[in-house]
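*Asks:* Next up, start-v1.pdb (PDB, C-alpha atoms).
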```
ATOM      1  CA  HIS A 231      34.933 -33.029  -7.734
ATOM      2  CA  GLY A 232      37.003 -30.149  -8.971
ATOM      3  CA  ILE A 233      35.676 -27.264 -10.999
ATOM      4  CA  HIS A 234      32.466 -27.810 -12.943
ATOM      5  CA  ARG A 235      32.449 -26.104 -16.337
ATOM      6  CA  GLY A 236      29.104 -25.232 -17.803
ATOM      7  CA  PHE A 237      25.509 -26.051 -17.013
ATOM      8  CA  ASP A 238      23.755 -29.319 -16.198
ATOM      9  CA  PHE A 239      20.164 -29.678 -17.354
ATOM     10  CA  SER A 240      17.933 -32.552 -16.236
ATOM     11  CA  ASP A 241      15.201 -31.077 -14.052
ATOM     12  CA  ARG A 242      12.382 -29.306 -15.818
ATOM     13  CA  GLU A 243      10.603 -26.203 -14.684
ATOM     14  CA  ASP A 244       7.499 -28.287 -13.904
ATOM     15  CA  GLY A 245       9.560 -30.486 -11.541
ATOM     16  CA  SER A 246       9.710 -33.525 -13.815
ATOM     17  CA  ILE A 247      13.027 -35.150 -14.671
ATOM     18  CA  ALA A 248      14.456 -35.769 -18.123
ATOM     19  CA  SER A 249      14.972 -39.374 -19.127
ATOM     20  CA  LEU A 250      17.488 -41.380 -21.096
ATOM     21  CA  ASN A 251      17.416 -40.787 -24.866
ATOM     22  CA  GLU A 252      15.238 -37.673 -24.829
ATOM     23  CA  PRO A 253      16.222 -35.502 -27.811
ATOM     24  CA  ILE A 254      18.808 -32.778 -27.223
ATOM     25  CA  LYS A 255      18.276 -29.767 -29.462
ATOM     26  CA  ALA A 256      20.740 -27.092 -30.488
ATOM     27  CA  VAL A 257      20.311 -23.981 -28.348
ATOM     28  CA  TYR A 258      21.918 -21.739 -30.963
ATOM     29  CA  PRO A 259      22.662 -22.039 -34.681
ATOM     30  CA  GLY A 260      26.155 -22.820 -35.906
ATOM     31  CA  ILE A 261      28.502 -25.246 -37.601
ATOM     32  CA  VAL A 262      29.436 -28.652 -36.201
ATOM     33  CA  VAL A 263      33.198 -28.416 -35.628
ATOM     34  CA  ASN A 264      33.827 -31.602 -33.665
ATOM     35  CA  ILE A 265      32.065 -34.858 -32.824
ATOM     36  CA  LYS A 266      33.399 -37.258 -30.217
ATOM     37  CA  ASN A 267      31.300 -40.374 -30.600
ATOM     38  CA  GLY A 268      31.613 -44.063 -29.896
ATOM     39  CA  TYR A 269      32.106 -43.662 -26.173
ATOM     40  CA  GLN A 270      31.968 -46.967 -24.334
ATOM     41  CA  LEU A 271      31.468 -47.624 -20.665
ATOM     42  CA  TYR A 272      34.831 -47.486 -18.954
ATOM     43  CA  SER A 273      36.514 -50.831 -19.063
ATOM     44  CA  GLU A 274      38.975 -49.576 -16.484
ATOM     45  CA  LYS A 275      37.191 -48.416 -13.368
ATOM     46  CA  PHE A 276      40.652 -47.926 -11.851
ATOM     47  CA  LYS A 277      41.440 -45.221 -14.420
ATOM     48  CA  PHE A 278      38.161 -43.464 -13.667
ATOM     49  CA  GLU A 279      38.856 -43.504  -9.928
ATOM     50  CA  MET A 280      42.415 -42.241 -10.504
ATOM     51  CA  TYR A 281      41.178 -39.256 -12.555
ATOM     52  CA  ARG A 282      38.471 -38.557 -10.003
ATOM     53  CA  LYS A 283      40.999 -38.677  -7.144
ATOM     54  CA  LEU A 284      43.415 -36.302  -8.919
ATOM     55  CA  THR A 285      40.582 -33.926  -9.714
ATOM     56  CA  ASN A 286      39.487 -33.964  -6.072
ATOM     57  CA  GLU A 287      42.999 -33.372  -4.757
ATOM     58  CA  ASN A 288      43.630 -30.489  -7.153
ATOM     59  CA  ASN A 289      40.118 -29.039  -6.672
ATOM     60  CA  TYR A 290      40.245 -28.544 -10.425
ATOM     61  CA  THR A 291      39.334 -30.617 -13.462
ATOM     62  CA  ASP A 292      42.415 -30.581 -15.666
ATOM     63  CA  ASP A 293      41.885 -30.317 -19.438
ATOM     64  CA  ILE A 294      43.474 -33.764 -19.760
ATOM     65  CA  PHE A 295      40.505 -35.268 -17.906
ATOM     66  CA  LEU A 296      37.669 -33.237 -19.436
ATOM     67  CA  ASP A 297      37.131 -35.440 -22.488
ATOM     68  CA  PHE A 298      37.235 -38.480 -20.257
ATOM     69  CA  PHE A 299      34.376 -37.121 -18.135
ATOM     70  CA  ARG A 300      32.354 -35.589 -21.027
ATOM     71  CA  GLY A 301      31.640 -38.897 -22.802
ATOM     72  CA  ASN A 302      29.938 -38.511 -26.208
ATOM     73  CA  GLN A 303      30.144 -34.882 -27.311
ATOM     74  CA  VAL A 304      29.187 -32.464 -30.081
ATOM     75  CA  TYR A 305      30.921 -29.097 -30.589
ATOM     76  CA  ILE A 306      29.012 -26.354 -32.417
ATOM     77  CA  ALA A 307      30.600 -22.989 -33.235
ATOM     78  CA  TYR A 308      29.050 -19.722 -34.354
ATOM     79  CA  GLU A 309      31.194 -16.591 -34.682
ATOM     80  CA  ASN A 310      32.669 -16.068 -31.191
ATOM     81  CA  PHE A 311      30.518 -18.791 -29.566
ATOM     82  CA  LEU A 312      31.415 -22.429 -28.923
ATOM     83  CA  PHE A 313      28.895 -24.874 -27.473
ATOM     84  CA  ILE A 314      29.920 -28.276 -26.151
ATOM     85  CA  TYR A 315      27.044 -30.718 -25.623
ATOM     86  CA  ALA A 316      28.286 -33.578 -23.434
ATOM     87  CA  HIS A 317      27.236 -36.855 -21.745
ATOM     88  CA  LEU A 318      25.104 -37.686 -24.799
ATOM     89  CA  ASN A 319      23.899 -41.273 -24.864
ATOM     90  CA  LYS A 320      23.836 -41.143 -28.661
ATOM     91  CA  ILE A 321      24.652 -38.528 -31.267
ATOM     92  CA  ASN A 322      22.321 -37.861 -34.180
ATOM     93  CA  PRO A 323      23.698 -40.353 -36.762
ATOM     94  CA  ASN A 324      23.055 -37.872 -39.604
ATOM     95  CA  LEU A 325      25.249 -35.200 -38.007
ATOM     96  CA  LYS A 326      28.698 -34.636 -39.519
ATOM     97  CA  ILE A 327      31.534 -32.192 -38.997
ATOM     98  CA  GLY A 328      30.886 -29.170 -41.196
ATOM     99  CA  ASP A 329      27.079 -29.453 -41.003
ATOM    100  CA  LYS A 330      25.095 -26.292 -40.368
ATOM    101  CA  VAL A 331      22.576 -26.639 -37.547
ATOM    102  CA  ASP A 332      19.745 -24.341 -36.624
ATOM    103  CA  ARG A 333      18.388 -23.660 -33.187
ATOM    104  CA  GLY A 334      16.073 -26.564 -32.341
ATOM    105  CA  ASP A 335      17.751 -29.178 -34.562
ATOM    106  CA  ILE A 336      18.290 -32.518 -32.821
ATOM    107  CA  ILE A 337      21.998 -33.088 -32.237
ATOM    108  CA  GLY A 338      21.845 -36.046 -29.876
ATOM    109  CA  PHE A 339      20.047 -37.810 -27.069
ATOM    110  CA  MET A 340      20.138 -37.416 -23.284
ATOM    111  CA  GLY A 341      22.592 -39.637 -21.432
ATOM    112  CA  ASN A 342      25.253 -39.842 -18.748
ATOM    113  CA  THR A 343      28.277 -41.054 -20.728
ATOM    114  CA  GLY A 344      31.517 -40.188 -18.992
ATOM    115  CA  VAL A 345      30.024 -40.053 -15.512
ATOM    116  CA  GLU A 346      28.307 -43.427 -15.108
ATOM    117  CA  TYR A 347      30.432 -44.477 -12.160
ATOM    118  CA  MET A 348      29.377 -41.381 -10.252
ATOM    119  CA  GLY A 349      25.785 -42.621 -10.308
ATOM    120  CA  THR A 350      24.758 -39.539 -12.259
ATOM    121  CA  ARG A 351      21.340 -39.681 -13.880
ATOM    122  CA  PRO A 352      20.917 -38.718 -17.554
ATOM    123  CA  HIS A 353      21.375 -34.996 -18.148
ATOM    124  CA  LEU A 354      22.759 -32.535 -20.649
ATOM    125  CA  HIS A 355      26.075 -30.985 -19.716
ATOM    126  CA  LEU A 356      26.355 -27.814 -21.813
ATOM    127  CA  GLU A 357      29.512 -25.717 -21.921
ATOM    128  CA  ILE A 358      29.197 -22.264 -23.444
ATOM    129  CA  TYR A 359      32.256 -20.303 -24.476
ATOM    130  CA  ILE A 360      32.110 -16.700 -25.667
ATOM    131  CA  ASN A 361      35.451 -15.373 -26.911
ATOM    132  CA  ASN A 362      37.106 -18.444 -25.311
ATOM    133  CA  VAL A 363      35.663 -17.624 -21.882
ATOM    134  CA  VAL A 364      33.489 -20.378 -20.407
ATOM    135  CA  PHE A 365      30.303 -19.401 -18.614
ATOM    136  CA  GLY A 366      28.972 -21.340 -15.669
ATOM    137  CA  ILE A 367      32.215 -22.393 -13.974
ATOM    138  CA  ASN A 368      31.455 -23.314 -10.405
ATOM    139  CA  THR A 369      32.574 -25.565  -7.619
ATOM    140  CA  TYR A 370      29.023 -26.591  -6.777
ATOM    141  CA  ARG A 371      25.943 -27.650  -8.720
ATOM    142  CA  ARG A 372      23.476 -24.911  -9.458
ATOM    143  CA  THR A 373      19.720 -25.324  -9.057
ATOM    144  CA  TYR A 374      17.409 -25.345 -12.069
ATOM    145  CA  ASP A 375      16.468 -21.713 -11.399
ATOM    146  CA  ASP A 376      20.119 -20.613 -11.096
ATOM    147  CA  ASN A 377      21.035 -22.328 -14.369
ATOM    148  CA  ILE A 378      18.081 -20.873 -16.258
ATOM    149  CA  ASP A 379      18.649 -17.373 -14.836
ATOM    150  CA  LEU A 380      22.304 -17.376 -15.884
ATOM    151  CA  TYR A 381      21.478 -18.916 -19.257
ATOM    152  CA  LYS A 382      18.805 -16.247 -19.914
ATOM    153  CA  PHE A 383      21.190 -13.503 -18.774
ATOM    154  CA  ILE A 384      23.741 -14.634 -21.361
ATOM    155  CA  PHE A 385      21.361 -15.218 -24.262
ATOM    156  CA  ASN A 386      18.824 -12.436 -23.799
ATOM    157  CA  LYS A 387      21.647 -10.207 -24.984
ATOM    158  CA  TYR A 388      21.832 -12.137 -28.249
ATOM    159  CA  TRP A 389      18.202 -13.024 -29.065
TER     160      TRP A 389
END
```
Show the structure stored in the file as structure tokens.

*Replies:*
Amino acid sequence: HGIHRGFDFSDREDGSIASLNEPIKAVYPGIVVNIKNGYQLYSEKFKFEMYRKLTNENNYTDDIFLDFFRGNQVYIAYENFLFIYAHLNKINPNLKIGDKVDRGDIIGFMGNTGVEYMGTRPHLHLEIYINNVVFGINTYRRTYDDNIDLYKFIFNKYW
């Protein structure tokens, strides 16, 4: 439905599937610049269906709808990078705006907030921006191998 920004991670290399509330760890160090927490299951399914219909018709997910579909989110910035971790079931309760995180720190827990009505299983939706350009925009879902290959292509340059 529209343009998909970023990467979805739920399938593991060994073929197993991630489950609800598995820890989500920071993929890169940085500073927490935004936390959108307290998401609740949509009380208005009509609103969800309206946004989904508009997104379908436009073949694009308007910025107005992105927060609606992302659910619980954490934004981490480092120099010219911005990482948005979305669909989190819960956010690490000790995390606050301004906190420094290191690669591997737990920032939240696997969920599907924002996309429950689509029947989506728990997964991490990760948006990566470098110099305000988002990587991973696509109109279809990538396979595990495609996601990992693109992710490695981006980050092998920086690690």

*Asks:* Would you kindly return, as an MDAnalysis selection string, each protein, DNA or RNA residue with an atom no farther than 8 Å from any atom of segment 297-311 of chain A, considering only C-alpha atoms and excluding same-chain residues fewer than 4 positions away?

*Replies:* chainID A and resid 259:269 293 315:321 337 342:345 355 358:362

*Asks:* Emit the selected residues as a compact mmCIF listing (two decimals), in the coordinates of the input, including C-alpha atoms.

*Replies:*
```txt
# COMPACT_ATOMS: atom_id res chain seq x y z
CA PRO A 259 22.66 -22.04 -34.68
CA GLY A 260 26.16 -22.82 -35.91
CA ILE A 261 28.50 -25.25 -37.60
CA VAL A 262 29.44 -28.65 -36.20
CA VAL A 263 33.20 -28.42 -35.63
CA ASN A 264 33.83 -31.60 -33.66
CA ILE A 265 32.06 -34.86 -32.82
CA LYS A 266 33.40 -37.26 -30.22
CA ASN A 267 31.30 -40.37 -30.60
CA GLY A 268 31.61 -44.06 -29.90
CA TYR A 269 32.11 -43.66 -26.17
CA ASP A 293 41.88 -30.32 -19.44
CA TYR A 315 27.04 -30.72 -25.62
CA ALA A 316 28.29 -33.58 -23.43
CA HIS A 317 27.24 -36.85 -21.74
CA LEU A 318 25.10 -37.69 -24.80
CA ASN A 319 23.90 -41.27 -24.86
CA LYS A 320 23.84 -41.14 -28.66
CA ILE A 321 24.65 -38.53 -31.27
CA ILE A 337 22.00 -33.09 -32.24
CA ASN A 342 25.25 -39.84 -18.75
CA THR A 343 28.28 -41.05 -20.73
CA GLY A 344 31.52 -40.19 -18.99
CA VAL A 345 30.02 -40.05 -15.51
CA HIS A 355 26.08 -30.98 -19.72
CA ILE A 358 29.20 -22.26 -23.44
CA TYR A 359 32.26 -20.30 -24.48
CA ILE A 360 32.11 -16.70 -25.67
CA ASN A 361 35.45 -15.37 -26.91
CA ASN A 362 37.11 -18.44 -25.31
```

*Asks:* Residue by residue, what does the PyMOL selection byres ((chain A and resi 335) around 12) grab here? Present the result as number ranges by chain.

*Replies:* A: 253-262, 306, 322, 324-325, 329-334, 336-339

*Asks:* Find the distance between atom CA of Met340 of chain A and atom CA of Pro352 of chain A and write it in Å to one decimal.

*Replies:*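 Interatomic distance here is 5.9 Å.
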
*Asks:* Enter the distance from atom CA of Asp241 of chain A to atom CA of Lys283 of chain A, in Å, rounded to one decimal.

*Replies:*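 Taking atom CA of Asp241 of chain A and atom CA of Lys283 of chain A, their separation equals 27.8 Å.
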
*Asks:* Atom CA of Ile327 of chain A and atom CA of Thr350 of chain A are how many Å apart?

*Replies:*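 Atom CA of Ile327 of chain A sits 28.5 Å away from atom CA of Thr350 of chain A.
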
*Asks:* Check the smallest atom-to-atom distance from each of A:Ala248, A:Leu354, A:Ile314, A:Val363 to Leu296 of chain A using all atoms listed in the file, then report the winner.

*Replies:*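 Ranking A:Ala248, A:Leu354, A:Ile314, A:Val363 by distance to Leu296 of chain A, first place goes to A:Ile314.
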
*Asks:* Taking all atoms listed in the file into account, name the residue in A:Pro323, A:Thr285, A:Phe295, A:His353 that is nearest to Asn251 of chain A.

*Replies:*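 So, comparing all the options, the nearest one is A:His353.
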
*Asks:* Between A:Phe313, A:Gln270, A:Arg282, A:Tyr347, which is the closest to Arg235 of chain A once you count all atoms listed in the file?

*Replies:* A:Phe313

*Asks:* In terms of the shortest atom-to-atom distance over all atoms listed in the file, which of A:Met348, A:Leu312, A:Leu250, A:Gly328 is closest to Val364 of chain A?

*Replies:*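 Ranking A:Met348, A:Leu312, A:Leu250, A:Gly328 by distance to Val364 of chain A, first place goes to A:Leu312.
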
*Asks:* Between A:Gly341, A:Glu357, A:Phe278, A:Lys326, which one has atoms that come closest to Phe237 of chain A, using all atoms listed in the file?

*Replies:*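 Nearest to Phe237 of chain A: A:Glu357.
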